[in-house]
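Structure file start.tsv (TSV, C-alpha atoms and all ligand atoms) is printed below.
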```tsv
chain	number	residue	atom	x	y	z
W	1	MET	CA	29.29	12.62	-1.92
W	2	GLU	CA	30.69	13.54	-5.31
W	3	LYS	CA	28.55	15.72	-7.56
W	4	MET	CA	26.68	13.59	-10.10
W	5	LYS	CA	24.51	14.20	-13.13
W	6	ILE	CA	21.40	12.42	-14.32
W	7	THR	CA	22.17	11.27	-17.86
W	8	GLU	CA	19.14	9.14	-18.75
W	9	ALA	CA	15.83	7.91	-17.32
W	10	ARG	CA	13.70	5.09	-18.67
W	11	VAL	CA	10.27	3.71	-17.83
W	12	ILE	CA	10.02	-0.08	-17.89
W	13	VAL	CA	6.51	-1.54	-18.15
W	14	CYS	CA	6.07	-5.27	-17.70
W	15	SER	CA	3.36	-7.73	-16.76
W	16	PRO	CA	4.63	-10.85	-14.96
W	17	GLY	CA	1.09	-11.86	-14.00
W	18	ARG	CA	0.07	-8.22	-13.49
W	19	ASN	CA	1.27	-4.82	-14.71
W	20	PHE	CA	4.19	-3.04	-13.05
W	21	VAL	CA	5.76	0.29	-13.97
W	22	THR	CA	9.37	0.90	-12.95
W	23	LEU	CA	11.46	4.03	-13.40
W	24	LYS	CA	15.21	3.59	-13.85
W	25	ILE	CA	17.39	6.70	-13.54
W	26	PHE	CA	21.02	6.62	-14.74
W	27	THR	CA	23.92	8.89	-13.75
W	28	ASP	CA	27.31	9.87	-15.16
W	29	GLN	CA	28.97	7.90	-12.30
W	30	GLY	CA	27.58	4.59	-13.57
W	31	ILE	CA	25.17	4.35	-10.62
W	32	TYR	CA	21.47	3.87	-11.35
W	33	GLY	CA	18.40	4.00	-9.14
W	34	LEU	CA	14.97	2.36	-9.28
W	35	GLY	CA	11.54	3.69	-8.37
W	36	ASP	CA	8.11	2.05	-8.43
W	37	ALA	CA	5.49	3.91	-10.52
W	38	THR	CA	2.68	1.34	-10.47
W	39	LEU	CA	-0.89	2.65	-10.11
W	40	ASN	CA	-3.26	-0.27	-10.48
W	41	GLY	CA	-5.45	0.08	-13.58
W	42	ARG	CA	-4.00	3.48	-14.52
W	43	GLU	CA	-0.44	2.44	-15.41
W	44	LYS	CA	-0.18	4.14	-18.81
W	45	ALA	CA	-1.31	7.49	-17.43
W	46	VAL	CA	1.69	7.52	-15.07
W	47	VAL	CA	4.01	6.35	-17.86
W	48	THR	CA	2.90	9.28	-20.04
W	49	TYR	CA	3.27	11.77	-17.19
W	50	LEU	CA	6.81	10.55	-16.55
W	51	GLU	CA	7.91	10.31	-20.16
W	52	GLU	CA	6.31	13.49	-21.48
W	53	TYR	CA	6.67	15.87	-18.56
W	54	CYS	CA	9.18	14.66	-15.96
W	55	ILE	CA	12.07	12.85	-17.62
W	56	PRO	CA	13.04	15.68	-19.99
W	57	ALA	CA	13.23	18.06	-17.00
W	58	LEU	CA	15.28	15.59	-14.92
W	59	LEU	CA	18.22	15.26	-17.28
W	60	GLY	CA	21.37	17.09	-16.20
W	61	ARG	CA	20.25	17.55	-12.55
W	62	ASP	CA	22.30	16.42	-9.55
W	63	PRO	CA	20.43	13.33	-8.18
W	64	GLY	CA	21.73	14.13	-4.68
W	65	ASN	CA	19.33	17.09	-4.44
W	66	THR	CA	16.31	14.99	-3.49
W	67	GLU	CA	14.52	17.82	-1.67
W	68	ASP	CA	14.92	20.38	-4.44
W	69	ILE	CA	13.95	17.92	-7.19
W	70	TRP	CA	10.87	16.85	-5.21
W	71	HIS	CA	9.78	20.48	-4.93
W	72	TYR	CA	10.59	21.09	-8.58
W	73	PHE	CA	7.99	18.48	-9.55
W	74	TYR	CA	5.48	19.35	-6.78
W	75	SER	CA	5.69	23.02	-5.75
W	76	GLY	CA	7.05	24.01	-9.14
W	77	VAL	CA	4.08	22.57	-11.02
W	78	TYR	CA	0.82	24.48	-11.19
W	79	TRP	CA	-1.40	21.32	-11.25
W	80	LYS	CA	-0.68	19.69	-7.91
W	81	ARG	CA	-1.61	16.47	-6.13
W	82	GLY	CA	-3.64	13.58	-7.57
W	83	ALA	CA	-2.74	9.90	-7.76
W	84	ILE	CA	-1.12	10.04	-11.20
W	85	THR	CA	1.14	13.01	-10.52
W	86	MET	CA	2.11	11.85	-7.03
W	87	THR	CA	2.92	8.31	-8.24
W	88	ALA	CA	5.23	9.74	-10.90
W	89	ILE	CA	6.94	12.01	-8.32
W	90	ALA	CA	7.23	9.03	-5.97
W	91	ALA	CA	9.05	6.96	-8.58
W	92	ILE	CA	11.52	9.79	-9.25
W	93	ASP	CA	12.08	10.37	-5.54
W	94	MET	CA	12.59	6.66	-4.74
W	95	ALA	CA	15.09	6.27	-7.56
W	96	LEU	CA	17.05	9.34	-6.40
W	97	TRP	CA	17.26	8.09	-2.80
W	98	ASP	CA	18.40	4.72	-4.20
W	99	ILE	CA	21.17	6.47	-6.16
W	100	LYS	CA	22.22	8.57	-3.16
W	101	ALA	CA	22.44	5.58	-0.84
W	102	LYS	CA	24.37	3.57	-3.43
W	103	ALA	CA	26.77	6.48	-3.98
W	104	LEU	CA	27.38	6.61	-0.22
W	105	ASN	CA	27.67	2.80	-0.18
W	106	THR	CA	25.07	2.42	2.54
W	107	PRO	CA	21.60	0.88	2.89
W	108	LEU	CA	18.80	3.43	2.47
W	109	TYR	CA	17.64	3.22	6.11
W	110	ASN	CA	20.90	4.86	7.19
W	111	LEU	CA	19.89	8.04	5.37
W	112	LEU	CA	16.47	8.05	7.06
W	113	GLY	CA	17.66	7.93	10.66
W	114	GLY	CA	19.36	4.54	10.92
W	115	LYS	CA	17.79	1.53	12.58
W	116	SER	CA	14.94	2.14	15.01
W	117	ARG	CA	14.27	-1.63	15.01
W	118	ASP	CA	15.88	-4.84	13.84
W	119	ARG	CA	12.84	-6.25	12.06
W	120	VAL	CA	9.55	-5.03	10.66
W	121	MET	CA	6.25	-6.59	11.75
W	122	VAL	CA	4.00	-7.41	8.79
W	123	TYR	CA	0.43	-8.57	8.30
W	124	THR	CA	-0.81	-10.82	5.57
W	125	HIS	CA	-4.23	-11.66	4.10
W	126	ALA	CA	-6.42	-14.65	4.96
W	127	TYR	CA	-9.65	-15.10	3.03
W	128	GLY	CA	-12.09	-17.87	2.22
W	129	LYS	CA	-15.30	-18.31	0.26
W	130	HIS	CA	-17.24	-18.91	3.47
W	131	LEU	CA	-16.76	-18.75	7.22
W	132	MET	CA	-15.29	-22.25	7.67
W	133	GLU	CA	-12.81	-21.85	4.82
W	134	THR	CA	-11.78	-18.42	6.13
W	135	ILE	CA	-11.06	-19.85	9.59
W	136	GLU	CA	-9.02	-22.61	7.98
W	137	LYS	CA	-7.00	-20.01	6.02
W	138	VAL	CA	-6.32	-18.00	9.18
W	139	GLY	CA	-4.91	-21.19	10.71
W	140	GLN	CA	-2.67	-21.73	7.67
W	141	GLU	CA	-1.26	-18.19	7.80
W	142	LYS	CA	-0.67	-18.55	11.53
W	143	GLU	CA	1.24	-21.78	10.81
W	144	ARG	CA	3.38	-19.86	8.29
W	145	GLY	CA	4.42	-17.65	11.19
W	146	TYR	CA	2.33	-14.51	10.76
W	147	CYS	CA	1.40	-12.80	14.00
W	148	ALA	CA	-0.92	-10.28	12.31
W	149	ILE	CA	-3.59	-11.37	9.83
W	150	ARG	CA	-6.17	-9.42	7.84
W	151	ILE	CA	-9.41	-11.34	7.51
W	152	GLN	CA	-11.91	-11.02	4.63
W	153	SER	CA	-14.58	-13.59	3.82
W	154	GLY	CA	-17.24	-14.55	1.33
W	155	ILE	CA	-20.65	-13.53	2.71
W	156	PRO	CA	-23.87	-15.55	2.36
W	157	GLY	CA	-26.11	-13.90	-0.25
W	158	ILE	CA	-23.37	-11.77	-1.87
W	159	ASP	CA	-21.79	-13.20	-5.06
W	160	HIS	CA	-18.42	-11.56	-4.75
W	161	THR	CA	-16.79	-9.83	-1.79
W	162	TYR	CA	-13.74	-7.59	-1.78
W	163	GLY	CA	-10.53	-9.40	-0.80
W	164	VAL	CA	-11.68	-12.91	-1.70
W	165	THR	CA	-9.95	-14.26	-4.80
W	166	GLU	CA	-11.83	-16.49	-7.19
W	167	GLY	CA	-10.59	-20.09	-7.49
W	168	ASN	CA	-6.95	-20.72	-6.63
W	169	LYS	CA	-5.64	-17.66	-8.44
W	170	PRO	CA	-3.19	-15.36	-6.63
W	171	TYR	CA	-4.74	-12.26	-5.02
W	172	GLU	CA	-5.39	-9.65	-7.72
W	173	PRO	CA	-8.34	-7.26	-7.73
W	174	ALA	CA	-7.70	-5.95	-11.30
W	175	GLN	CA	-8.89	-7.90	-14.32
W	176	ARG	CA	-8.01	-7.75	-18.00
W	177	GLY	CA	-10.29	-5.61	-20.16
W	178	ILE	CA	-12.89	-3.08	-19.05
W	179	PRO	CA	-13.97	-3.05	-15.37
W	180	ARG	CA	-16.16	-5.93	-14.24
W	181	GLU	CA	-19.31	-5.07	-12.28
W	182	TYR	CA	-20.12	-6.69	-8.95
W	183	SER	CA	-23.14	-6.41	-6.74
W	184	TRP	CA	-23.07	-5.37	-3.09
W	185	ASP	CA	-25.36	-5.59	-0.05
W	186	THR	CA	-24.23	-3.65	3.04
W	187	ALA	CA	-26.95	-5.08	5.32
W	188	LYS	CA	-25.80	-8.68	4.67
W	189	TYR	CA	-22.17	-7.62	5.22
W	190	LEU	CA	-22.90	-5.89	8.54
W	191	ASN	CA	-24.86	-8.87	9.81
W	192	PHE	CA	-22.08	-11.32	9.00
W	193	ILE	CA	-18.75	-9.73	9.97
W	194	PRO	CA	-19.02	-9.56	13.82
W	195	GLY	CA	-19.92	-13.29	13.93
W	196	LEU	CA	-16.89	-14.10	11.78
W	197	PHE	CA	-14.54	-12.36	14.21
W	198	ALA	CA	-16.24	-14.04	17.17
W	199	GLU	CA	-15.50	-17.43	15.58
W	200	VAL	CA	-11.90	-16.52	14.75
W	201	ARG	CA	-11.21	-15.38	18.32
W	202	LYS	CA	-12.84	-18.57	19.61
W	203	ALA	CA	-10.58	-20.68	17.38
W	204	PHE	CA	-7.27	-18.83	17.85
W	205	GLY	CA	-7.51	-16.89	21.10
W	206	GLU	CA	-6.16	-13.41	21.84
W	207	GLU	CA	-2.52	-13.99	20.87
W	208	ILE	CA	-2.85	-13.10	17.22
W	209	HIS	CA	-3.40	-9.58	15.81
W	210	LEU	CA	-6.54	-9.40	13.66
W	211	LEU	CA	-7.35	-6.76	11.04
W	212	HIS	CA	-10.23	-6.11	8.67
W	213	ASP	CA	-10.66	-3.91	5.58
W	214	VAL	CA	-14.13	-2.42	5.04
W	215	HIS	CA	-12.83	-1.06	1.72
W	216	HIS	CA	-14.74	2.23	1.89
W	217	ARG	CA	-18.18	0.55	1.87
W	218	CYS	CA	-20.00	1.94	4.93
W	219	THR	CA	-21.70	5.22	5.68
W	220	PRO	CA	-20.47	6.84	8.92
W	221	VAL	CA	-23.34	5.48	10.99
W	222	GLU	CA	-22.96	1.96	9.52
W	223	ALA	CA	-19.23	2.08	10.19
W	224	ALA	CA	-19.88	3.24	13.77
W	225	ARG	CA	-22.19	0.24	14.30
W	226	LEU	CA	-19.61	-2.16	12.86
W	227	ALA	CA	-16.77	-0.66	14.91
W	228	LYS	CA	-18.86	-0.96	18.09
W	229	GLU	CA	-19.86	-4.56	17.39
W	230	LEU	CA	-16.27	-5.56	16.59
W	231	GLU	CA	-14.89	-3.99	19.76
W	232	PRO	CA	-14.97	-7.19	21.88
W	233	TYR	CA	-12.61	-8.90	19.40
W	234	HIS	CA	-9.80	-6.36	19.89
W	235	LEU	CA	-8.83	-5.71	16.29
W	236	PHE	CA	-5.37	-4.32	15.58
W	237	TRP	CA	-7.18	-2.03	13.13
W	238	LEU	CA	-10.33	-1.50	11.11
W	239	GLU	CA	-9.37	-0.19	7.69
W	240	ASP	CA	-11.14	2.34	5.45
W	241	PRO	CA	-14.46	2.11	7.34
W	242	VAL	CA	-15.91	5.01	5.31
W	243	SER	CA	-15.03	6.28	1.86
W	244	ALA	CA	-11.71	8.03	2.12
W	245	GLU	CA	-12.83	11.46	0.95
W	246	LEU	CA	-15.32	11.72	3.80
W	247	GLN	CA	-12.91	12.78	6.53
W	248	GLU	CA	-15.51	14.19	8.93
W	249	GLY	CA	-17.26	10.81	8.88
W	250	LEU	CA	-14.53	9.50	11.12
W	251	ARG	CA	-15.78	11.69	13.97
W	252	LEU	CA	-18.92	9.60	14.29
W	253	ILE	CA	-16.94	6.35	14.44
W	254	ARG	CA	-14.64	7.78	17.13
W	255	LYS	CA	-17.66	8.87	19.18
W	256	HIS	CA	-18.97	5.32	19.35
W	257	SER	CA	-15.93	3.08	19.64
W	258	VAL	CA	-12.29	2.79	20.59
W	259	ILE	CA	-11.41	0.49	17.68
W	260	PRO	CA	-8.13	1.61	16.03
W	261	ILE	CA	-8.67	3.03	12.54
W	262	ALA	CA	-6.32	2.81	9.54
W	263	ILE	CA	-6.94	4.97	6.50
W	264	GLY	CA	-5.33	6.50	3.45
W	265	GLU	CA	-4.24	3.95	0.85
W	266	VAL	CA	-5.97	6.11	-1.76
W	267	PHE	CA	-4.53	9.37	-0.39
W	268	ASN	CA	-1.54	10.98	-2.05
W	269	SER	CA	-0.74	14.13	-0.08
W	270	VAL	CA	-0.19	15.41	3.45
W	271	TYR	CA	-3.20	17.66	2.84
W	272	ASP	CA	-5.43	14.58	2.70
W	273	TYR	CA	-4.46	13.93	6.31
W	274	THR	CA	-4.56	17.25	8.13
W	275	THR	CA	-8.07	16.88	9.64
W	276	LEU	CA	-7.56	13.19	10.40
W	277	ILE	CA	-4.23	13.72	12.12
W	278	THR	CA	-4.82	16.97	13.99
W	279	GLU	CA	-8.25	15.84	15.29
W	280	GLN	CA	-6.79	12.41	16.12
W	281	LEU	CA	-9.52	10.65	14.15
W	282	ILE	CA	-7.25	7.80	13.02
W	283	ASP	CA	-4.47	5.62	14.44
W	284	TYR	CA	-2.57	4.44	11.35
W	285	ILE	CA	-1.69	6.15	8.07
W	286	ARG	CA	-1.89	3.86	5.03
W	287	MET	CA	-0.56	6.03	2.18
W	288	PRO	CA	2.32	4.07	0.59
W	289	LEU	CA	5.56	5.60	-0.69
W	290	VAL	CA	4.61	4.78	-4.31
W	291	HIS	CA	1.33	6.72	-4.32
W	292	GLY	CA	2.26	9.39	-1.79
W	293	GLY	CA	5.09	11.23	-3.50
W	294	GLY	CA	7.87	8.95	-2.28
W	295	ILE	CA	10.26	9.01	0.65
W	296	THR	CA	10.71	12.79	0.78
W	297	HIS	CA	6.98	13.43	1.24
W	298	LEU	CA	6.22	10.45	3.50
W	299	LEU	CA	9.00	11.51	5.90
W	300	LYS	CA	7.01	14.71	6.46
W	301	VAL	CA	3.64	12.97	6.77
W	302	ALA	CA	5.07	10.43	9.22
W	303	ALA	CA	6.68	13.21	11.26
W	304	MET	CA	3.39	15.11	11.46
W	305	ALA	CA	1.58	11.90	12.47
W	306	SER	CA	4.20	11.16	15.14
W	307	VAL	CA	3.42	14.43	16.92
W	308	TYR	CA	-0.14	13.09	17.45
W	309	HIS	CA	1.02	9.55	18.37
W	310	ILE	CA	-0.32	8.18	15.10
W	311	GLN	CA	1.66	5.36	13.51
W	312	THR	CA	2.33	4.14	9.99
W	313	GLY	CA	0.65	1.08	8.47
W	314	PHE	CA	1.61	1.29	4.82
W	315	HIS	CA	-0.40	-0.26	2.03
W	316	GLY	CA	1.62	-3.17	0.63
W	317	ALA	CA	-0.63	-5.32	-1.56
W	318	THR	CA	0.96	-7.21	-4.47
W	319	ASP	CA	-0.23	-4.58	-6.94
W	320	LEU	CA	2.54	-2.34	-5.60
W	321	SER	CA	5.87	-3.57	-6.97
W	322	PRO	CA	8.70	-5.21	-5.01
W	323	VAL	CA	10.68	-1.98	-5.51
W	324	ASN	CA	8.10	-0.13	-3.39
W	325	MET	CA	8.11	-2.94	-0.82
W	326	ALA	CA	11.91	-2.85	-0.54
W	327	ALA	CA	11.92	0.94	-0.08
W	328	ALA	CA	9.03	0.78	2.40
W	329	LEU	CA	10.92	-1.73	4.56
W	330	HIS	CA	13.85	0.70	4.86
W	331	PHE	CA	11.41	3.45	5.83
W	332	ASP	CA	9.69	1.13	8.36
W	333	THR	CA	13.07	0.19	9.81
W	334	ALA	CA	14.14	3.80	10.27
W	335	ILE	CA	11.22	5.88	11.53
W	336	HIS	CA	10.21	5.86	15.18
W	337	ASN	CA	6.42	5.77	14.73
W	338	PHE	CA	6.25	2.67	12.56
W	339	GLY	CA	3.23	0.48	13.38
W	340	LEU	CA	2.71	-2.37	10.94
W	341	GLN	CA	3.45	-3.11	7.26
W	342	GLU	CA	1.10	-4.91	4.87
W	343	TYR	CA	2.86	-7.75	3.08
W	344	MET	CA	1.80	-10.51	0.72
W	345	PRO	CA	4.31	-12.84	-0.92
W	346	TYR	CA	4.67	-12.19	-4.67
W	347	PRO	CA	3.99	-15.04	-7.13
W	348	ASP	CA	7.12	-16.71	-8.65
W	349	LEU	CA	6.69	-14.90	-11.98
W	350	VAL	CA	7.14	-11.51	-10.25
W	351	GLN	CA	10.26	-12.77	-8.50
W	352	GLU	CA	11.69	-13.81	-11.87
W	353	VAL	CA	11.69	-10.13	-12.88
W	354	PHE	CA	12.40	-8.32	-9.58
W	355	ARG	CA	15.24	-9.13	-7.17
W	356	THR	CA	14.99	-7.98	-3.56
W	357	ASN	CA	17.07	-8.13	-0.40
W	358	TYR	CA	14.38	-8.76	2.20
W	359	ARG	CA	13.17	-11.99	3.73
W	360	PHE	CA	10.28	-13.15	5.88
W	361	GLU	CA	11.10	-14.54	9.32
W	362	LYS	CA	8.37	-15.54	11.76
W	363	GLY	CA	5.94	-12.70	11.18
W	364	TYR	CA	8.61	-10.06	10.49
W	365	MET	CA	10.58	-8.83	7.48
W	366	VAL	CA	14.33	-8.52	7.75
W	367	ILE	CA	16.43	-6.51	5.29
W	368	ASP	CA	20.16	-6.92	4.66
W	369	ASP	CA	22.81	-4.22	4.26
W	370	THR	CA	22.92	-4.02	0.46
W	371	PRO	CA	23.61	-0.37	-0.45
W	372	GLY	CA	20.57	1.56	-1.69
W	373	ILE	CA	17.01	0.25	-1.66
W	374	GLY	CA	18.24	-3.29	-2.35
W	375	ALA	CA	15.92	-4.02	-5.28
W	376	ASP	CA	16.74	-4.63	-8.94
W	377	ILE	CA	14.93	-5.46	-12.15
W	378	ASP	CA	16.00	-8.05	-14.72
W	379	GLU	CA	15.12	-6.16	-17.91
W	380	GLU	CA	15.48	-9.20	-20.14
W	381	ALA	CA	13.05	-11.18	-18.01
W	382	ALA	CA	10.72	-8.12	-17.89
W	383	GLN	CA	10.59	-8.04	-21.70
W	384	LYS	CA	9.09	-11.52	-21.75
W	385	TYR	CA	5.95	-10.17	-20.07
W	386	PRO	CA	4.50	-7.23	-22.05
W	387	TYR	CA	1.84	-4.85	-20.71
W	388	SER	CA	-1.75	-5.97	-20.94
W	389	ALA	CA	-4.55	-3.55	-19.96
W	390	ALA	CA	-6.37	-4.41	-16.72
W	391	CYS	CA	-8.76	-2.51	-14.46
W	392	LEU	CA	-10.17	-2.60	-10.95
W	393	PRO	CA	-13.86	-3.60	-10.73
W	394	VAL	CA	-16.95	-1.45	-10.22
W	395	ASN	CA	-19.61	-2.09	-7.56
W	396	ARG	CA	-23.38	-1.66	-7.70
W	397	LYS	CA	-25.95	-2.09	-4.93
W	398	THR	CA	-28.47	-4.88	-5.53
W	399	ASP	CA	-30.93	-2.37	-7.06
W	400	GLY	CA	-28.30	-1.27	-9.60
W	401	THR	CA	-27.14	1.95	-7.91
W	402	LEU	CA	-23.45	2.59	-8.51
W	403	PHE	CA	-21.49	2.21	-5.26
W	404	TYR	CA	-17.93	2.31	-3.90
W	405	TRP	CA	-15.71	-0.64	-4.75
O	1	LIG	C1	-5.36	-3.39	0.72
O	1	LIG	C2	-6.05	-2.71	-0.42
O	1	LIG	C3	-5.92	-3.38	-1.74
O	1	LIG	C4	-6.48	-2.49	-2.84
O	1	LIG	C5	-5.68	-2.68	-4.08
O	1	LIG	C6	-6.14	-1.77	-5.18
O	1	LIG	O1	-5.75	-3.08	1.83
O	1	LIG	O2	-4.43	-4.14	0.47
O	1	LIG	O3	-7.35	-2.35	-0.10
O	1	LIG	O4	-6.47	-4.65	-1.77
O	1	LIG	O5	-7.81	-2.75	-3.08
O	1	LIG	O6	-4.35	-2.48	-3.77
O	1	LIG	O7	-5.28	-1.87	-6.26
O	2	MG	MG	-7.22	-1.60	1.91
```
Once more with this new file: its structure as structure tokens, please.
Amino acid sequence: MEKMKITEARVIVCSPGRNFVTLKIFTDQGIYGLGDATLNGREKAVVTYLEEYCIPALLGRDPGNTEDIWHYFYSGVYWKRGAITMTAIAAIDMALWDIKAKALNTPLYNLLGGKSRDRVMVYTHAYGKHLMETIEKVGQEKERGYCAIRIQSGIPGIDHTYGVTEGNKPYEPAQRGIPREYSWDTAKYLNFIPGLFAEVRKAFGEEIHLLHDVHHRCTPVEAARLAKELEPYHLFWLEDPVSAELQEGLRLIRKHSVIPIAIGEVFNSVYDYTTLITEQLIDYIRMPLVHGGGITHLLKVAAMASVYHIQTGFHGATDLSPVNMAAALHFDTAIHNFGLQEYMPYPDLVQEVFRTNYRFEKGYMVIDDTPGIGADIDEEAAQKYPYSAACLPVNRKTDGTLFYW
């Protein structure tokens, strides 16, 4: 590969239905690369970090030196880790790998080990306002060809549950303006969920993979009870059963059930995983490229996980941009210990701004051989949708106590 120089880097913020932050890095060879820098509800903080602190230090560097540049922004910086910093580093890293693969005229997966598989199994979301509607939605997603489905449902006695969109709007947990406040009742939730999965298994049998996201809302002993009661329904995984910072809490869940556990969509460093991986307290790592320092860092986390037979199950909700999804699919294609990828189709507006090279085929994603990540942004279309502040909600227990959302 010829020596190149980074000549310019720009942050593009747009809001085709929701906010996305994209980093575009240019080189003296006319090749550019793209990286996703979207952190839901905290977009402008990442933009500032990139524009004020990273971009000036990037100019003039050889984009081929992905490892050195990663360490320049991680090891070389006194204030390490954290979602904002690691999202900014991820965007830089993704864009550099995109440039390198384009310069070598090869799809990104070839630089990550080549193809370990031909297609990438994905799971999608099914949710309804109540049990019957949720079962109906599972049937619809199954008809669309999904073989793995995450199930969330409205719960009697709780006004709003995580994962259930209001009306016919596309899935989006963030809302314009200051955070909305919801109310939460763990006892009602715990009483409802096992029955839901019993009904789903009754309706669709054992053929389909089922998943559920607790979204950090149980204490260890509550999560252990839920895991135990869900065991007969053979979930593919139970996600974020306890709040993510409480790593030791996973020991209690393990003691009481053999349900596979996925965790880490709010993690951003390998150091968030050391206890979970080395004690084998989890089965799937959720940290996505965009929030976990990019490809360079995730290659190391995935390698560490592989030693303990732990697989990847990357976060892939629609509040991560199509650039992240495209890069993740290369990563999923290449590494040996891939498990499952979260995927939700983007609304049309998003596809007007972002172009991608992947397609859905009967429960799997297939990528083509376009050099690089295979994603692009139409800057003119992006300009039509300017940034508009939005935030994730806040949760309170029914007595008003602030709780995890
Ligand atoms: C998931 C996640 C998301 C997050 C969202 C936050 O499993 O897909 O939990 O729904 O809540 O990405 O921005
Ligand atoms: Mg989740």
Put the listed atoms of stretch 292-305 of chain W in a box along x, y and z with 3 Å added on every side and give me the centre and edge lengths in Å to one decimal, as JSON.
```
{"center_x": 6.1, "center_y": 12.0, "center_z": 4.5, "size_x": 15.1, "size_y": 12.2, "size_z": 22.0}
```
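If you count only C-alpha atoms and ignore residues fewer than 5 places along the chain from W:His330, what sits within 9 Å of it is Pro107, Leu108, Tyr109, Asn110, Leu112, Lys115, Met325, Ile335, Ile367 and Ile373 of chain W.
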Can you write just those residues out, C-alpha atoms, as a short mmCIF file (atom, residue, chain, number, x, y, z; two decimals), in the frame of the given file?
```cif
data_model
loop_
_atom_site.label_atom_id
_atom_site.label_comp_id
_atom_site.auth_asym_id
_atom_site.auth_seq_id
_atom_site.Cartn_x
_atom_site.Cartn_y
_atom_site.Cartn_z
CA PRO W 107 21.60 0.88 2.89
CA LEU W 108 18.80 3.43 2.47
CA TYR W 109 17.64 3.22 6.11
CA ASN W 110 20.90 4.86 7.19
CA LEU W 112 16.47 8.05 7.06
CA LYS W 115 17.79 1.53 12.58
CA MET W 325 8.11 -2.94 -0.82
CA ILE W 335 11.22 5.88 11.53
CA ILE W 367 16.43 -6.51 5.29
CA ILE W 373 17.01 0.25 -1.66
#
```
> Can I get the residues close to ligand MG 2 (chain O) as a count of residues only, where close means within 10 Å and we count only C-alpha atoms and all ligand atoms?
Replying inline: 23
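Taking atom CA of W:Ile31 and atom CA of W:Gly374 as the two end points, the separation is 13.2 Å.
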Determine, counting only C-alpha atoms, which protein, DNA and RNA residues have an atom within 9 Å of an atom of W:Glu245; residues of the same chain fewer than 3 positions away are not included. Present the result as a PDB file with C-alpha atoms, keeping the file's coordinate frame.
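Result file is around31.pdb:
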```pdb
ATOM      1  CA  VAL W 242     -15.910   5.010   5.310  1.00  0.00           C
ATOM      2  CA  GLU W 248     -15.510  14.190   8.930  1.00  0.00           C
ATOM      3  CA  PHE W 267      -4.530   9.370  -0.390  1.00  0.00           C
ATOM      4  CA  ASP W 272      -5.430  14.580   2.700  1.00  0.00           C
TER       5      ASP W 272
END
```
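One distance worth recording is that between atom CA of W:Ala302 and atom CA of W:His336, which is 9.1 Å.
For the residues W:Leu402, W:Met121, W:Leu58, W:Leu211, ranking by smallest atom-to-atom distance to W:Gly339 using only C-alpha atoms places W:Met121 first.
Of the listed residues W:Glu379, W:Glu206, W:Asp36, W:Asp319, the one whose atoms come nearest to ligand LIG 1 (chain O) is W:Asp319, with distances taken using only C-alpha atoms and all ligand atoms.
What separates atom CA of W:Gln175 from atom CA of W:Gly139 is a distance of 28.6 Å.
Every protein, DNA or RNA residue with an atom at most 6 Å from stretch 20-28 of chain W, where only C-alpha atoms count and chain neighbours fewer than 4 positions away do not, is listed here: Lys5, Ile6, Thr7, Glu8, Ala9, Arg10, Val11, Ile12, Val13, Cys14, Tyr32, Gly33, Leu34, Gly35, Asp36, Ala37 and Thr38 of chain W.
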Residues at most 8 Å from W:Pro371, counting only C-alpha atoms, excluding those fewer than 6 positions away in the same chain, as a compact mmCIF listing (two decimals) with C-alpha atoms, in the coordinates of the input?
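Result went into selection10.txt, see below:
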```txt
# COMPACT_ATOMS: atom_id res chain seq x y z
CA ALA W 101 22.44 5.58 -0.84
CA LYS W 102 24.37 3.57 -3.43
CA LEU W 104 27.38 6.61 -0.22
CA ASN W 105 27.67 2.80 -0.18
CA THR W 106 25.07 2.42 2.54
CA PRO W 107 21.60 0.88 2.89
CA LEU W 108 18.80 3.43 2.47
```
>> From (11.5, -11.5, 10.7), in the file's coordinates, out to 12 Å: which residues are reached, counting only C-alpha atoms? Answer as JSON, numbers by chain.
In response: {"W": [117, 118, 119, 120, 121, 122, 123, 144, 145, 146, 147, 329, 333, 358, 359, 360, 361, 362, 363, 364, 365, 366, 367, 368]}
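Closest to W:Ile193 among W:Trp97, W:Trp79, W:Tyr284, W:Tyr233 is W:Tyr233, based on only C-alpha atoms.
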>> Can you tell me which residues surround stretch 304-311 of chain W at a distance of at most 9 Å, considering only C-alpha atoms, apart from same-chain residues fewer than 3 positions away, and format the answer as a VMD selection string?
In response: chain W and resid 270 273 to 274 277 to 280 282 to 285 299 to 301 336 to 340
Generate the missing atoms of stretch 354-358 of chain W up to N, CA and C atoms and report them as a PDB file, in the coordinates of the input.
```
ATOM      1  N   PHE W 354      11.866  -9.228 -10.620  1.00  0.00           N
ATOM      2  CA  PHE W 354      12.400  -8.320  -9.580  1.00  0.00           C
ATOM      3  C   PHE W 354      13.246  -9.092  -8.571  1.00  0.00           C
ATOM      4  N   ARG W 355      14.402  -8.543  -8.224  1.00  0.00           N
ATOM      5  CA  ARG W 355      15.240  -9.130  -7.170  1.00  0.00           C
ATOM      6  C   ARG W 355      15.179  -8.212  -5.956  1.00  0.00           C
ATOM      7  N   THR W 356      15.070  -8.798  -4.778  1.00  0.00           N
ATOM      8  CA  THR W 356      14.990  -7.980  -3.560  1.00  0.00           C
ATOM      9  C   THR W 356      15.917  -8.527  -2.475  1.00  0.00           C
ATOM     10  N   ASN W 357      16.133  -7.726  -1.453  1.00  0.00           N
ATOM     11  CA  ASN W 357      17.070  -8.130  -0.400  1.00  0.00           C
ATOM     12  C   ASN W 357      16.376  -8.333   0.941  1.00  0.00           C
ATOM     13  N   TYR W 358      15.064  -8.544   0.924  1.00  0.00           N
ATOM     14  CA  TYR W 358      14.380  -8.760   2.200  1.00  0.00           C
ATOM     15  C   TYR W 358      13.885 -10.186   2.304  1.00  0.00           C
TER      16      TYR W 358
END
```
